[in-house]
Structures are given as C-alpha cells and as structure tokens.
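Trainee: This structure is in structure tokens; I'll ask about it shortly.
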Amino acid sequence: MIEMKVAGIALDAITRSPIVLLKDASDRRALPIYIGQEQARSIMGALENQKPPRPLTHDLIMNILEAWNMTLERVIIHSLQKDTFYAALIVKQGELKKEIDARPSDAIAVALRTNTPIWVMEEVIADASIPVDRDADEAEQQAFREFISNIRPEDLIKRFGNGDS
C-alpha cells in the first residue's frame with residue numbers, strides 16, 4: 001500500500017465532472033477519482049477548514065466516531081472494478097477494529113476531517129494512476145531496463161542460491 005494525500009479537486013475538461021486528485025509522497029504519481037458534486041464540496045470544505053453552521057453528512061460521521069470513542073485509523077482504496085473504485089474505513093474502538101465499506105469520495109471527506117492517512121493498494125495505482133513527473137518516470141523505467149539487461153543468471157544464483165534445498 002502507498003500513502004497518498006489529497007492534492008485538490010479538478011474538473012474534467014469535457015464532462016465538467018469533479019475529480020479528486022490523490023498524489024503520492026514523491027509527487028511522481030497521481031490518482032484521479034471521479035466524484036459527485038456534493039462530495040467535491042465536502043472535500044473542498046475540509047481542505048479549506050470550513051466549519052458549517054450545522055453538521056453535514058461527513059461532519060456527522062466524524063461526530064458519531066467521537067461520541068462513541070472510535071478513531072478512524074486509516075482509509076484504504078483497495079480495488080478498481082469496471083471503472084469503479086472501492087474503499088474501506090478502518091475504524092477502531094479500544095481493541096476492536098472494523099472495516100466499513102465506503103465510496104472513496106466519502107472516505108476521503110471523512111479522512112480529511114479526522115487527519116487520517118489515505119492508503120491506496122499498489123494494484124490500483126498501477127491500473128489507474130497517471131505520471132506527474134514524466135521525465136523522472138521515464139528515467140526510472142530506463143534505469144530498470146538497463147539493470148535487467150545487464151543481469152546474468154550467475155548473479156542471481158550467487159545472490160539467491162540455485163533453489164536446491
């Protein structure tokens with residue numbers, strides 16, 4: 001899993017649909033997730049530290065967690081199926097830990113309000129992320145290609161043995 005941060009909200013140039021953009025710590029990969037208008041407003045409100053006069057849905061969830069002495073330990077965006085992302089809230093109360101299914105947009109909105117880390121499975125990043133720094137991405141790929149082309153089977157056998165045990 002890779003920890004990611006919310007970089008912001010953008011609008012799709014064609015559909016004008018909101019997109020939440022997550023970035024990894026190195027700012028090398030970005031994960032765009034299409035979300036609804038209400039979730040976009042909620043995420044923006046959290047990013048801008050806005051406090052509504054009355055609790056909105058994500059604030060209510062945060063209030064329920066606090067009232068029951070529960071903590072949101074982490075958010076995990078764990079899969080992508082047919083262009084739909086799936087996430088889970090990992091909630092802890094004392095020694096009890098529960099995984100609660102959630103839409104990524106809702107999970108992100110709650111995570112921002114509780115300063116909870118957002119984690120994304122590597123498979124999801126591999127399938128859906130886009131490179132932010134194309135030059136660094138290309139340089140890393142080229143270095144890996146050179147490493148692979150220069151490695152010899154004898155080097156692997158020396159390092160890892162021949163498998164006969």
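Chain identifiers are assigned as A, B, and so on, following the order in which chains appear in the structure tokens; residues are numbered from 1 within each chain, and ligands are numbered from 1 in order of appearance.
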Please provide the set of residues having any atom within 10 Å of Leu60 of chain A, restricted to only C-alpha atoms, with same-chain residues fewer than 6 positions apart removed, written as a list in words.

Mentor: Arg54, Glu66 and Val110 of chain A

Trainee: With all heavy atoms retained, could you export that selection as a CSV table (one decimal), in the first residue's frame?

Mentor:
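Writing the result to out.csv gives the following:
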chain,number,residue,atom,x,y,z
A,54,ARG,N,-24.2,23.9,10.8
A,54,ARG,CA,-24.8,22.6,11.2
A,54,ARG,C,-24.0,21.5,10.6
A,54,ARG,O,-23.5,21.7,9.5
A,54,ARG,CB,-26.3,22.5,10.9
A,54,ARG,CG,-27.1,23.6,11.4
A,54,ARG,CD,-27.4,23.5,12.9
A,54,ARG,NE,-28.1,22.2,13.1
A,54,ARG,CZ,-27.9,21.5,14.2
A,54,ARG,NH1,-27.0,21.8,15.1
A,54,ARG,NH2,-28.5,20.3,14.4
A,66,GLU,N,-16.5,10.3,17.3
A,66,GLU,CA,-16.0,10.9,18.5
A,66,GLU,C,-16.9,10.5,19.7
A,66,GLU,O,-16.5,10.2,20.8
A,66,GLU,CB,-16.0,12.4,18.4
A,66,GLU,CG,-14.9,12.9,17.5
A,66,GLU,CD,-14.9,14.5,17.3
A,66,GLU,OE1,-15.7,15.2,18.0
A,66,GLU,OE2,-14.2,15.0,16.5
A,110,VAL,N,-14.2,12.1,5.0
A,110,VAL,CA,-14.1,11.8,6.5
A,110,VAL,C,-12.6,11.8,6.9
A,110,VAL,O,-12.2,12.4,7.9
A,110,VAL,CB,-14.8,10.5,6.9
A,110,VAL,CG1,-14.6,10.2,8.3
A,110,VAL,CG2,-16.3,10.6,6.5

Trainee: If you count only C-alpha atoms, which residues fall within 10 Å of Lys98 of chain A, apart from same-chain ones fewer than 5 positions away, as a PyMOL selection string?

Mentor: chain A and resi 72-73+88-93

Trainee: Using Å and a single decimal, report how far atom CA of Pro32 of chain A sits from atom CA of Asp83 of chain A.

Mentor: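 We find that atom CA of Asp83 of chain A and atom CA of Pro32 of chain A lie 11.5 Å from each other.
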
Trainee: Within 8 Å of segment 123-127 of chain A, which residues of segment 67-111 of chain A show up? Give each one with its shortest atom-to-atom distance in Å (one decimal) and the two atoms involved, counting only C-alpha atoms, rows by chain then rising residue number, as a Markdown table.

Mentor:
| residue | atom | partner | partner_atom | distance |
| --- | --- | --- | --- | --- |
| A:Ile77 | CA | A:Val124 | CA | 7.8 |
| A:His78 | CA | A:Val124 | CA | 6.9 |
| A:Ser79 | CA | A:Val124 | CA | 5.8 |
| A:Leu80 | CA | A:Val124 | CA | 6.1 |

Trainee: Based on the selection just made, write N, CA and C atoms of those residues as a PDB file, in the first residue's frame.

Mentor:
ATOM      1  N   ILE A  77      -8.112   2.620  -0.207  1.00  0.00           N
ATOM      2  CA  ILE A  77      -8.738   2.454  -1.523  1.00  0.00           C
ATOM      3  C   ILE A  77      -8.139   1.167  -2.058  1.00  0.00           C
ATOM      4  N   HIS A  78      -8.965   0.114  -2.056  1.00  0.00           N
ATOM      5  CA  HIS A  78      -8.407  -1.227  -2.236  1.00  0.00           C
ATOM      6  C   HIS A  78      -8.639  -1.880  -3.584  1.00  0.00           C
ATOM      7  N   SER A  79      -9.581  -1.380  -4.378  1.00  0.00           N
ATOM      8  CA  SER A  79      -9.764  -2.032  -5.670  1.00  0.00           C
ATOM      9  C   SER A  79     -10.433  -1.105  -6.675  1.00  0.00           C
ATOM     10  N   LEU A  80     -10.316  -1.522  -7.918  1.00  0.00           N
ATOM     11  CA  LEU A  80     -10.922  -0.827  -9.042  1.00  0.00           C
ATOM     12  C   LEU A  80     -11.554  -1.900  -9.906  1.00  0.00           C
TER      13      LEU A  80
END

Trainee: Hey, what does DSSP flag as alpha helix (DSSP H) within segment 13-153 of chain A? Can you give it to me as a PyMOL selection string?

Mentor: chain A and resi 37-47+57-67+104-114+122-128+134-150+153
